[in-house]
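Chemist: For reference, the structure I am asking about is given below.
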Amino acid sequence: MAIAQLQVPADRLTAWAGYDGLVQLISVDGQRTVGCPYWDLVADVDALQLRDLYRDMAIVRRIDAEAMALQRQGELALWAPLLGQEAAQVGSARALRPDDFAFTSYREHGVAYCRGVDPVAMLRMWRGNGLSGWDPAAYNIATPAIIVGSQALHATGYALGITLDDAHSAALAYFGDGATSEGDISEALGFASSFGVPVVFFCQNNQWAISEPVRLQSHATIAQRGQGYGIPSVQVDGNDVLAVLAATRLALARAYAGQGPTLIEAVTYRMGPHTTSDDPTRYRSHAEEEEWRAKDPLVRLRALLHNEGLADDEFEQEVAAAAGDTATALRLGVLDLPNPASDALFEHVYAGAHPLLDAERDAYLAYLAESDEVS
Amino acid sequence: MAIAQLQVPADRLTAWAGYDGLVQLISVDGQRTVGCPYWDLVADVDALQLRDLYRDMAIVRRIDAEAMALQRQGELALWAPLLGQEAAQVGSARALRPDDFAFTSYREHGVAYCRGVDPVAMLRMWRGNGLSGWDPAAYNIATPAIIVGSQALHATGYALGITLDDAHSAALAYFGDGATSEGDISEALGFASSFGVPVVFFCQNNQWAISEPVRLQSHATIAQRGQGYGIPSVQVDGNDVLAVLAATRLALARAYAGQGPTLIEAVTYRMGPHTTSDDPTRYRSHAEEEEWRAKDPLVRLRALLHNEGLADDEFEQEVAAAAGDTATALRLGVLDLPNPASDALFEHVYAGAHPLLDAERDAYLAYLAESDEVS
Amino acid sequence: MAVDTPAHTDTATAAATTSTMTLGKALNAGLRQALDDDPKVVLMGEDIGKLGGVFRVTEGLQEDFGDRRVIDTPLAESGMVGTAVGLAMRGYRPVCEIQFDGFVYPAFDQIVSQVAKFRYRNEGRVAMPVTIRVPYGGGIGAVEHHSESPEAYFAHTAGLRVVTPSNAADAHRMIRQSIASDDPVIFFEPKRRYWEKGDVDEHAPLDDMPLHRARVVTEGTDITVVAYGPMVATSLEAAGIGAEEGVSLEVVDLRSLSPIDFETLEASVRKTGRLVVVHEAPVFGGLGAEIAARVTEQCFYSLESPVRRVGGFATPYPAAKLERHFLPDADRILHEVDRCLQP
Amino acid sequence: MAVDTPAHTDTATAAATTSTMTLGKALNAGLRQALDDDPKVVLMGEDIGKLGGVFRVTEGLQEDFGDRRVIDTPLAESGMVGTAVGLAMRGYRPVCEIQFDGFVYPAFDQIVSQVAKFRYRNEGRVAMPVTIRVPYGGGIGAVEHHSESPEAYFAHTAGLRVVTPSNAADAHRMIRQSIASDDPVIFFEPKRRYWEKGDVDEHAPLDDMPLHRARVVTEGTDITVVAYGPMVATSLEAAGIGAEEGVSLEVVDLRSLSPIDFETLEASVRKTGRLVVVHEAPVFGGLGAEIAARVTEQCFYSLESPVRRVGGFATPYPAAKLERHFLPDADRILHEVDRCLQP
Ligand SMILES: Cc1ncc(C[n+]2csc(CCOP(=O)(O)OP(=O)(O)O)c2C)c(N)n1
Ligand SMILES: Cc1ncc(C[n+]2csc(CCOP(=O)(O)OP(=O)(O)O)c2C)c(N)n1
Ligand SMILES: [Mg+2]
Ligand SMILES: [Mg+2]
């Protein structure tokens with residue numbers, strides 16, 4: 001269900017100068033905007049593809065809802081919901097080619113989905129069955145980074161590798177608004193700028209870092225932050241899947257063409273709690289939540305589809321069925337995940353031999369066997 | 001020899017909007033520039049004060065030269081020369097009031113001098129007699145920070161303390177162009193911007209971080225970096241003492257008035273080696289060094305004084321004598337510094353009692369005494 | 001920064017009674033008291049204001065003391081600690097909250113090169129009364145980086161004090177002592193014990209039990225088990241089972257990890273002749289090594305068997321479903337006790 | 001990044017001869033060989049290009065291999081190591097140079113939470129063949145932060161290997177082994193020994209001495225002295241003096257600090273019955289604690305006196321004019337040897 005790749009013409013790249021306004025292609029009530037100089041970048045997105053994007057977003061939302069339910073039922077230890085960020089995640093991830101590589105934090109389930117990761121594999125970590133769930137090289141997406149900001153440097157290093165390989169692909173680094181305060185994000189921007197490597201910094205400014213509003217992190221926009229490093233930076237409506245797709249495509253095209261890093265600030269909203277352990281009523285108002293509910297990215301795309309006669313009941317039923325099937329498979333798959341064997345504790349610490357660890361493992365397994373005999 | 005404080009009028013502050021050009025008040029050939037909107041900030045600097053600034057710079061240069069000589073003669077372990085950065089250091093430090101507080105790296109001997117620190121105390125650390133040389137609270141200047149970038153956070157925290165005290169003073173953080181790549185500098189800019197505290201970030205862009213040219217750190221200017229955090233930022237000619245004084249005064253006035261942080265990029269040049277261990281011929285050209293020699297900050301101020309008939313032979317002799325006296329006193333003082341006693345090793349690790357350390361000290365001193373008996 | 005008028009809580013007039021509270025609440029009460037006692041105390045951290053911290057240890061404090069005393073910082077640990085250094089230079093006593101153990105590493109440089117060394121560098125002219133609170137340890141089924149036990153890194157860093165309470169009363173007393181200390185203190189909070197209750201006398205004098213003192217929690221005769229933080233309860237559990245099985249364990253709660261109160265510990269070992277050290281951190285290079293090495297050196301001729309160590313393995317902290325294998329429990333402690341007793 | 005055409009040095013055709021070179025030059029030759037052997041090897045660091053590093057360990061390498069193989073990074077250690085992680089994920093073998101020991105702390109988070117844990121987190125699906133070179137230790141009369149011995153922090157971090165050569169031949173061999181290792185290696189270079197000469201066979205096979213093996217440097221009968229890195233030479237000096245005085249010291253060079261080759265060490269201790277551990281780092285919580293604890297546990301009934309440790313004190317590294325008090329020397333080693341022999 002990959003969105004076909006648009007070839008961005010070379011003159012379009014050199015015309016890049018950072019766009020001052022907020023890139024928005026679909027208005028809140030589902031109308032195409034006029035005048036925004038990003039339309040050419042999604043000119044190829046036809047009805048079928050719009051419906052694909054909607055289906056992706058609906059399925060991703062359903063995966064998220066199912067995971068929330070599983071957590072509430074005690075089947076997951078924790079979950080970080082993406083509710084409200086579907087357009088930002090699907091729009092950006094669908095701009096990627098297979099040989100691009102995504103680096104994410106813990107909330108980008110929608111990105112993992114678009115990269116082809118099985119949702120059951122995504123939930124494995126949250127169930128506590130492992131520290132991750134998939135092979136990064138198989139899908140070209142790293143497993144989630146929990147240390148806020150750390151992954152932006154990994155993306156920059158990976159992009160340096162792309163440059164050294166003389167390859168034409170890109171690394172995409174996802175991080176949040178809160179993460180922009182961490183030194184690692186700044187160092188990533190600095191290294192990327194200095195080396196001129198093909199990395200796209202994709203910040204989902206969802207207004208909150210747990211209980212901290214984005215204005216606590218900085219008084220300037222995140223796009224301005226990028227410009228301070230000489231990195232072309234743009235603010236997009238992160239609840240508008242087409243705007244996100246367009247901006248990401250342009251940024252990737254710059255990367256492929258050897259023009260270095262770009263920063264995209266996708267302005268969106270975390271409609272749910274930070275994680276299932278969080279209680280947002282302690283720090284934000286119902287009114288604010290309502291204000292953003294009106295900008296729901298799925299509702300907006302659905303409105304566009306309806307306004308343009310691209311979606312009917314049949315389509316909606318098809319999507320609902322697909323989402324339902326995914327959720328059912330996810331639930332079954334998660335409940336079926338095998339518990340790790342006790343000796344898994346000692347596996348994969350080192351590639352080479354390690355006498356100390358071997359001795360510890362042998363002693364512990366012997367102890368376990370002995371205790372089993374006793375009990 | 002403090003420069004009298006100009007009261008910056010309130011409307012001058014609100015008119016601040018970051019100046020786009022390079023602030024320069026004295027041209028390379030020692031003429032006053034016209035049209036630069038910073039002249040009002042040094043309108044009070046009369047002949048006497050100009051001569052004071054020149055005397056400061058000349059003495060500081062002489063201290064530096066004497067330290068270089070002492071190092072070459074084996075009397076110091078190391079020295080980081082400031083040659084070429086006298087205007088940046090004297091111009092900024094002379095803008096400070098006594099209750100402001102300066103945080104520096106290892107090269108700001110000129111700042112320490114202006115704060116009233118005895119040059120002998122400055123050299124104590126470089127001779128290896130101690131890890132520092134003075135009481136920060138006595139002069140309102142911290143002892144040098146060697147971990148690049150670390151001190152900018154200390155300045156920001158100190159400025160937060162000023163805010164919590166409802167006081168009207170400022171912290172001034174000095175750092176280099178290389179330091180701007182460290183996460184700590186970014187975090188300092190972020191915290192200062194978020195808290196809106198009275199700190200002035202003063203970056204001496206001396207073009208080099210050991211062997212790395214400033215363009216390796218970033219493709220944008222350092223002033224642009226500050227703007228990315230919403231911090232008003234300005235580039236000044238760092239070899240022009242009046243421009244530096246003017247910009248620092250404005251920044252401090254903003255701080256006193258509760259308008260938050262400012263960043264100043266002083267464009268200057270490290271005319272000497274990074275330290276006495278360094279060999280710049282490995283990485284930079286003689287031509288580049290010559291180019292900057294023509295912009296020597298002392299030569300420039302001297303030219304202004306001569307052009308305006310403010311300096312005569314008598315004055316020059318007076319300055320030379322003052323510098324010579326300082327150098328002589330410095331040399332004598334340094335050679336006279338008492339070697340630390342062996343038990344100083346164990347002093348001042350903790351404020352409170354510490355049985356382990358006490359035991360270690362007692363055992364070691366007993367061992368020393370025993371060995372003395374034996375030998 | 002908005003100015004709130006702090007609503008001081010009046011503890012001075014309250015009667016000196018003992019009440020039962022969780023370890024987390026005891027910390028909250030201790031912090032409250034520290035804020036009350038000294039206007040120079042400020043709390044800093046991520047989400048410590050309106051949210052009250054992810055463990056609610058600072059709950060209600062911003063409301064009562066205002067956002068100039070209880071400060072939400074931008075999301076950056078080095079920034080937080082480096083800023084605390086500057087505040088200390090201005091005469092404040094900052095108390096930083098690191099949200100979880102695994103997030104202390106971005107601040108490692110400021111802690112090791114600045115907080116720890118500032119006084120020494122300045123030959124006693126600058127004090128660094130910074131307290132850094134770190135919820136630590138495993139056992140809560142968390143995702144990666146939320147169950148680390150990094151105490152050995154800090155204990156090996158001269159200039160720092162490192163302490164950890166194991167119960168509510170100590171939590172209340174020790175957090176106030178740490179804040180009052182003119183030395184920097186890394187204050188490790190046993191997060192899985194936040195909800196365990198104990199009796200706290202909020203008006204007990206601070207100096208009846210110095211911060212660096214270890215405490216014999218249960219007396220015993222056959223063997224000493226030394227633990228700290230979360231492992232004290234586990235060791236007490238082992239002592240209980242041991243008692244039923246006729247083995248008498250003396251449990252010592254170390255409380256201070258730097259310096260270590262070897263006096264108390266060695267007195268116990270001289271009595272029992274045997275020692276098992278317990279911690280969650282990996283055994284290799286852990287604090288147990290220092291304890292074993294020094295006690296052996298000092299009590300060599302009193303020891304009837306070599307000191308044994310129980311702790312985590314030479315692996316990163318594992319996934320939640322494996323942590324019960326990683327974490328010492330009463331059985332593993334008793335297993336090592338047995339090996340000491342029947343060598 | 002400019003593209004230079006690398007001028008490969010042709011070592012394959014050179015005859016296999018042994019030559020005398022300094023430890024620093026041996027590292028340079030080893031790095032050169034690694035760059036030659038594997039196009040995926042890249043060097044990264046501050047000032048490693050034109051300057052050749054502040055110790056000139058990378059001298060001439062950028063000139064010969066180009067600035068795509070030998071990369072000057074912006075001045076940021078976390079950035080350097082984090083970027084190396086990404087390069088490793090792309091299939092490279094990055095070798096980072098930290099300019100001095102005291103500057104490794106800003107990278108601590110990326111090392112401890114990323115480099116060390118990546119393989120484990122990803123269950124073996126991602127390799128992390130990153131080598132981090134750190135000149136360490138004192139004795140060069142430097143200013144603050146330039147004489148640290150932080151090896152215990154890294155040895156206590158599961159997922160890392162930690163090694164340190166004490167001589168030119170080992171430097172040459174071990175740097176190549178470290179780079180070839182699929183595990184991350186923290187490679188500590190004894191900076192004050194950079195200028196000490198030794199015989200190096202540049203074509204010796206890599207596998208004749210595994211990276212994790214300790215080596216008995218001098219045989220002896222009365223007592224074992226174990227040291228590593230800069231302290232091996234000091235221990236050998238002590239052995240020389242001891243021999244004159246009729247005490248026979250067996251000196252073991254640990255070489256690998258994680259894992260530690262206890263097999264070799266314990267064999268020596270079983271023979272001599274006594275052990276002194278030497279390192280520059282503060283004794284409290286240092287690696288010597290682990291060595292003492294484990295050797296005692298394993299050789300309890302062979303030990304005729306408790307293991308003693310010689311090292312730095314519980315102070316930050318002091319000013320240059322005090323460092324001779326802080327640093328172990330042959331006399332202090334022999335003092336502890338005496339205490340072991342006449343308890
Ligand atoms: C270094 C570090 N510090 C603190 C945390 C705890 N923490 C986890 S998520 C989070 C907020 C992140 O906010 P943001 O970057 O905006 O991402 P979002 O959660 O909104 O997607 C915090 C403080 C962490 N994981 N890592
Ligand atoms: C964290 C850290 N990394 C590396 C160093 C080594 N070092 C000392 S000075 C320096 C260059 C600093 O350049 P810059 O910030 O431009 O200041 P300048 O020396 O030019 O005054 C480096 C890399 C250090 N002191 N601290
Ligand atoms: Mg956010
Ligand atoms: Mg510089």
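Simple scheme: letters A, B, ... for chains in structure tokens order, numbers from 1 for residues in each chain, numbers from 1 for ligands in the order shown.
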Would you mind listing the residues within 12 Å of ligand 3, counting only C-alpha atoms and all ligand atoms, as a ChimeraX atom specification?
Modeler: /A:80-82,84-85,105-108,148-149,174-181,203-217,222,265-275 /C:75
Chemist: If we count only C-alpha atoms, what is near C:Ile333 at a cut-off of 9 Å, once residues fewer than 2 positions away on the same chain are taken out, given as a VMD selection string?
Modeler: chain C and resid 225 234 to 235 238 276 to 278 309 to 310 328 to 331 335 to 338
Chemist: For those residues, write N, CA, C and O atoms to a file as an mmCIF file, in the first residue's frame.
Modeler:
```
data_model
loop_
_atom_site.group_PDB
_atom_site.id
_atom_site.type_symbol
_atom_site.label_atom_id
_atom_site.label_comp_id
_atom_site.auth_asym_id
_atom_site.auth_seq_id
_atom_site.Cartn_x
_atom_site.Cartn_y
_atom_site.Cartn_z
ATOM 1 N N VAL C 225 23.920 -10.459 56.350
ATOM 2 C CA VAL C 225 23.499 -10.139 54.986
ATOM 3 C C VAL C 225 23.422 -8.628 54.909
ATOM 4 O O VAL C 225 22.675 -7.998 55.669
ATOM 5 N N THR C 234 13.871 -7.533 50.733
ATOM 6 C CA THR C 234 14.098 -8.891 50.227
ATOM 7 C C THR C 234 14.996 -9.666 51.196
ATOM 8 O O THR C 234 14.773 -10.858 51.445
ATOM 9 N N SER C 235 15.976 -8.994 51.742
ATOM 10 C CA SER C 235 16.876 -9.652 52.690
ATOM 11 C C SER C 235 16.144 -9.988 53.989
ATOM 12 O O SER C 235 16.383 -11.046 54.589
ATOM 13 N N ALA C 238 14.285 -13.031 53.400
ATOM 14 C CA ALA C 238 15.194 -14.184 53.506
ATOM 15 C C ALA C 238 15.477 -14.511 54.966
ATOM 16 O O ALA C 238 15.508 -15.683 55.364
ATOM 17 N N VAL C 276 27.127 -12.141 53.233
ATOM 18 C CA VAL C 276 26.583 -12.135 51.872
ATOM 19 C C VAL C 276 26.177 -10.703 51.558
ATOM 20 O O VAL C 276 25.556 -10.032 52.394
ATOM 21 N N VAL C 277 26.569 -10.231 50.369
ATOM 22 C CA VAL C 277 26.210 -8.876 49.936
ATOM 23 C C VAL C 277 25.129 -8.988 48.861
ATOM 24 O O VAL C 277 25.246 -9.832 47.961
ATOM 25 N N VAL C 278 24.124 -8.159 48.941
ATOM 26 C CA VAL C 278 23.009 -8.227 47.995
ATOM 27 C C VAL C 278 22.769 -6.871 47.346
ATOM 28 O O VAL C 278 22.660 -5.862 48.048
ATOM 29 N N ARG C 309 28.474 -12.796 46.890
ATOM 30 C CA ARG C 309 27.675 -11.677 46.392
ATOM 31 C C ARG C 309 26.472 -12.184 45.606
ATOM 32 O O ARG C 309 26.598 -13.109 44.793
ATOM 33 N N VAL C 310 25.333 -11.584 45.841
ATOM 34 C CA VAL C 310 24.120 -11.887 45.084
ATOM 35 C C VAL C 310 23.713 -10.606 44.381
ATOM 36 O O VAL C 310 23.614 -9.558 45.025
ATOM 37 N N PRO C 328 17.720 -10.422 42.440
ATOM 38 C CA PRO C 328 17.865 -11.323 43.587
ATOM 39 C C PRO C 328 16.531 -11.434 44.334
ATOM 40 O O PRO C 328 15.800 -10.461 44.464
ATOM 41 N N ASP C 329 16.220 -12.630 44.775
ATOM 42 C CA ASP C 329 15.062 -12.804 45.646
ATOM 43 C C ASP C 329 15.521 -13.560 46.894
ATOM 44 O O ASP C 329 16.708 -13.898 47.027
ATOM 45 N N ALA C 330 14.589 -13.788 47.789
ATOM 46 C CA ALA C 330 14.959 -14.419 49.059
ATOM 47 C C ALA C 330 15.628 -15.777 48.826
ATOM 48 O O ALA C 330 16.596 -16.133 49.515
ATOM 49 N N ASP C 331 15.134 -16.515 47.852
ATOM 50 C CA ASP C 331 15.710 -17.844 47.594
ATOM 51 C C ASP C 331 17.170 -17.760 47.162
ATOM 52 O O ASP C 331 18.010 -18.548 47.612
ATOM 53 N N HIS C 335 20.305 -19.233 49.067
ATOM 54 C CA HIS C 335 21.193 -20.146 48.366
ATOM 55 C C HIS C 335 22.654 -19.781 48.649
ATOM 56 O O HIS C 335 23.485 -20.652 48.958
ATOM 57 N N GLU C 336 22.953 -18.493 48.584
ATOM 58 C CA GLU C 336 24.334 -18.065 48.872
ATOM 59 C C GLU C 336 24.646 -18.188 50.364
ATOM 60 O O GLU C 336 25.775 -18.491 50.751
ATOM 61 N N VAL C 337 23.645 -17.945 51.178
ATOM 62 C CA VAL C 337 23.821 -18.145 52.619
ATOM 63 C C VAL C 337 24.222 -19.594 52.882
ATOM 64 O O VAL C 337 25.182 -19.877 53.622
ATOM 65 N N ASP C 338 23.526 -20.495 52.241
ATOM 66 C CA ASP C 338 23.836 -21.919 52.404
ATOM 67 C C ASP C 338 25.268 -22.230 51.970
ATOM 68 O O ASP C 338 25.986 -22.974 52.629
#
```
Chemist: Can you list, as an MDAnalysis selection string, all residues belonging to stretch 6-65 of chain C that DSSP tags as helix (DSSP H, G or I)?
Modeler: chainID C and resid 23:37 61:65
Chemist: What lies within 7 Å of stretch 284-301 of chain C using only C-alpha atoms, ignoring chain neighbours under 3 positions off, as a PyMOL selection string?
Modeler: (chain C and resi 152+266+270+277+281+307+309+314) or (chain D and resi 152+155-156+284-285+287+289-290+292-293+306-307)
Chemist: Near chain D, which residues of chain B fall within 9 Å when you count only C-alpha atoms, and what do they look like as a short mmCIF file (atom, residue, chain, number, x, y, z; two decimals) with N, CA and C atoms, in the first residue's frame?
Modeler:
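And here is the file that came out, part31.cif:
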```cif
data_model
loop_
_atom_site.label_atom_id
_atom_site.label_comp_id
_atom_site.auth_asym_id
_atom_site.auth_seq_id
_atom_site.Cartn_x
_atom_site.Cartn_y
_atom_site.Cartn_z
N ALA B 77 53.14 24.55 33.21
CA ALA B 77 52.96 23.30 32.49
C ALA B 77 52.33 23.54 31.13
N LEU B 78 51.49 24.56 31.07
CA LEU B 78 50.70 24.79 29.86
C LEU B 78 50.18 26.22 29.93
N MET B 125 46.96 27.80 38.43
CA MET B 125 46.45 26.57 37.85
C MET B 125 47.36 26.04 36.74
N TRP B 126 47.89 26.94 35.95
CA TRP B 126 48.71 26.52 34.81
C TRP B 126 50.10 26.06 35.25
N ARG B 127 50.45 26.46 36.45
CA ARG B 127 51.72 25.99 36.99
C ARG B 127 51.52 24.64 37.69
N GLY B 128 50.29 24.27 37.91
CA GLY B 128 50.01 22.99 38.55
C GLY B 128 50.01 23.06 40.06
N ASN B 129 49.95 24.28 40.61
CA ASN B 129 49.97 24.41 42.07
C ASN B 129 48.59 24.22 42.69
N GLY B 130 47.59 24.27 41.88
CA GLY B 130 46.23 24.07 42.36
C GLY B 130 45.35 23.86 41.16
N LEU B 131 44.08 23.55 41.40
CA LEU B 131 43.16 23.37 40.27
C LEU B 131 42.47 24.67 39.91
N SER B 132 42.72 25.71 40.70
CA SER B 132 42.17 27.02 40.39
C SER B 132 43.02 28.03 41.14
N ILE B 146 37.09 23.83 32.17
CA ILE B 146 37.90 23.17 31.15
C ILE B 146 37.05 22.24 30.28
N ILE B 147 35.99 21.70 30.86
CA ILE B 147 35.06 20.90 30.06
C ILE B 147 34.31 21.87 29.15
N VAL B 148 34.58 21.76 27.85
CA VAL B 148 34.05 22.74 26.90
C VAL B 148 32.52 22.81 26.97
N GLY B 178 33.96 26.52 18.92
CA GLY B 178 33.89 25.06 18.98
C GLY B 178 32.85 24.60 19.98
N ALA B 179 32.78 25.29 21.09
CA ALA B 179 31.86 24.91 22.16
C ALA B 179 30.40 24.88 21.69
N THR B 180 30.09 25.66 20.67
CA THR B 180 28.68 25.71 20.25
C THR B 180 28.17 24.36 19.77
N SER B 181 29.06 23.42 19.49
CA SER B 181 28.60 22.09 19.08
C SER B 181 28.19 21.21 20.25
N GLU B 182 28.65 21.53 21.44
CA GLU B 182 28.36 20.69 22.60
C GLU B 182 26.89 20.85 23.02
N GLY B 183 26.29 19.74 23.38
CA GLY B 183 24.90 19.75 23.84
C GLY B 183 24.67 20.72 24.99
N ASP B 184 25.67 20.87 25.84
CA ASP B 184 25.47 21.75 27.00
C ASP B 184 25.19 23.19 26.60
N ALA B 209 38.77 25.86 16.66
CA ALA B 209 38.68 25.03 17.86
C ALA B 209 39.84 24.03 17.71
N ILE B 210 40.92 24.33 18.37
CA ILE B 210 42.19 23.65 18.09
C ILE B 210 42.39 23.66 16.58
N SER B 211 42.32 22.50 15.91
CA SER B 211 42.62 22.47 14.47
C SER B 211 41.37 22.54 13.60
N GLU B 212 40.20 22.68 14.26
CA GLU B 212 38.97 22.64 13.47
C GLU B 212 38.45 24.04 13.18
N LEU B 216 33.38 23.86 10.36
CA LEU B 216 33.16 22.44 10.66
C LEU B 216 32.08 22.29 11.73
N GLN B 217 31.91 23.29 12.56
CA GLN B 217 30.92 23.19 13.63
C GLN B 217 29.51 23.45 13.09
N SER B 218 29.39 24.35 12.17
CA SER B 218 28.05 24.64 11.66
C SER B 218 28.14 25.45 10.40
N SER B 277 51.01 23.63 23.74
CA SER B 277 51.28 22.29 23.18
C SER B 277 50.93 22.20 21.71
N ASP B 278 50.37 23.23 21.16
CA ASP B 278 49.79 23.15 19.82
C ASP B 278 50.76 23.67 18.76
N ASP B 279 50.56 23.20 17.54
CA ASP B 279 51.36 23.65 16.41
C ASP B 279 50.43 24.01 15.25
N PRO B 280 50.02 25.29 15.19
CA PRO B 280 49.01 25.67 14.18
C PRO B 280 49.48 25.53 12.75
N ARG B 282 50.32 23.08 11.33
CA ARG B 282 49.79 21.83 10.78
C ARG B 282 48.43 21.99 10.10
N TYR B 283 47.72 23.03 10.48
CA TYR B 283 46.33 23.07 9.98
C TYR B 283 45.88 24.42 9.43
N ASN B 339 54.65 25.70 46.88
CA ASN B 339 54.20 24.37 46.44
C ASN B 339 53.18 23.85 47.44
N PRO B 340 52.19 23.13 46.93
CA PRO B 340 51.17 22.63 47.85
C PRO B 340 51.76 21.54 48.75
N ALA B 341 51.31 21.54 50.00
CA ALA B 341 51.73 20.50 50.93
C ALA B 341 51.05 19.18 50.56
N SER B 342 51.68 18.08 50.92
CA SER B 342 51.14 16.79 50.48
C SER B 342 49.74 16.53 51.02
N ALA B 344 47.42 18.59 51.22
CA ALA B 344 46.43 19.37 50.46
C ALA B 344 45.65 18.46 49.52
N LEU B 345 46.29 17.37 49.15
CA LEU B 345 45.61 16.39 48.30
C LEU B 345 44.25 16.00 48.86
N PHE B 346 44.19 15.90 50.18
CA PHE B 346 42.99 15.35 50.82
C PHE B 346 42.01 16.42 51.30
N GLU B 347 42.35 17.68 51.09
CA GLU B 347 41.52 18.77 51.60
C GLU B 347 40.40 19.12 50.63
N HIS B 348 39.27 19.53 51.19
CA HIS B 348 38.18 20.14 50.43
C HIS B 348 37.50 19.20 49.45
N VAL B 349 37.62 17.91 49.69
CA VAL B 349 36.83 17.00 48.86
C VAL B 349 35.37 17.07 49.32
N LEU B 356 36.11 7.39 55.30
CA LEU B 356 37.00 6.71 54.36
C LEU B 356 38.17 7.61 53.98
N LEU B 357 37.85 8.84 53.62
CA LEU B 357 38.90 9.75 53.18
C LEU B 357 39.85 10.05 54.34
N GLU B 360 42.15 7.17 54.64
CA GLU B 360 43.14 7.17 53.56
C GLU B 360 44.23 8.22 53.80
N ARG B 361 43.80 9.40 54.23
CA ARG B 361 44.78 10.46 54.49
C ARG B 361 45.74 10.04 55.60
N TYR B 364 48.12 7.43 54.46
CA TYR B 364 49.13 7.90 53.51
C TYR B 364 50.15 8.80 54.19
N TYR B 367 52.47 6.70 56.05
CA TYR B 367 53.38 6.05 55.10
C TYR B 367 54.49 7.01 54.68
N SER B 371 58.41 6.56 55.25
CA SER B 371 59.38 6.54 54.15
C SER B 371 60.46 7.58 54.39
#
```
Chemist: Please return, as a list of chain:residue names, all residues of chain A lying within 6 Å of chain B when only C-alpha atoms are considered.
Modeler: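 Residues of chain A within 6 Å of chain B, counting only C-alpha atoms: A:Gly183, A:Glu187, A:Gly190, A:Ser194, A:Leu216, A:Gln217, A:Ser218, A:His219, A:Ala220, A:Gln224, A:Arg225, A:Gly228, A:Tyr229, A:Gly230.
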Chemist: Quick check, in Å to one decimal: how far apart do atom CA of D:Thr224 and atom CA of D:Glu250 lie?
Modeler: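 These two atoms are separated by 4.6 Å.
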Chemist: One decimal, in Å: what's the spacing between atom CA of B:Ala311 and atom CA of B:Val28?
Modeler: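 Going from atom CA of B:Ala311 over to atom CA of B:Val28, I get 17.7 Å.
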Chemist: Report as a ChimeraX atom specification all protein, DNA and RNA residues lying within 9 Å of stretch 153-169 of chain B, evaluated on only C-alpha atoms, omitting residues in the same chain fewer than 3 positions from it.
Modeler: /B:97,99-103,149-150,172-173,184-185,187-189,191-192,195-201,252,255-258 /C:1,68-69,78-92
Chemist: Skipping near chain neighbours, those fewer than 2 positions away, what residues fall within 10 Å of A:Leu25 using only C-alpha atoms, listed as a list in words?
Modeler: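 In the requested form, the answer reads Leu22, Val23, Ser27, Val28, Gly30, Gln31, Arg32, Thr33, Val34, Gly35, Cys36, Pro37, Tyr38, Trp39, Val42, Val236, Asp237, Asp240, Val241, Leu242, Ala243, Val244 and Ala246 of chain A.
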Chemist: In Å, with one decimal, what is the gap from atom CA of D:Leu61 to atom CA of D:Ala169?
Modeler: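 Between atom CA of D:Leu61 and atom CA of D:Ala169 the gap works out to 19.8 Å.
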Chemist: Please identify the strand (DSSP E) residues within stretch 145-252 of chain A (assignment by DSSP from backbone atoms) and present them as a PyMOL selection string.
Modeler: chain A and resi 171-176+199-205+208-209+212-213+233-237
Chemist: Can you list, as a ChimeraX atom specification, every protein, DNA or RNA residue that comes within 7 Å of B:Ala87 when you count only C-alpha atoms, leaving out same-chain residues fewer than 4 positions away?
Modeler: /B:57,91,238-241,297
Chemist: Please list as a list of chain:residue names every residue within 9 Å of A:Ala93, counting only C-alpha atoms and excluding residues in the same chain fewer than 2 positions away.
Modeler: A:Ala88, A:Gln89, A:Val90, A:Gly91, A:Ala95, A:Leu96, A:Arg97, A:Ala102, A:Gly110, A:Val111, A:Ala112, A:Tyr113, A:Cys114, A:Arg115, A:Leu172, A:Leu245, A:Thr248
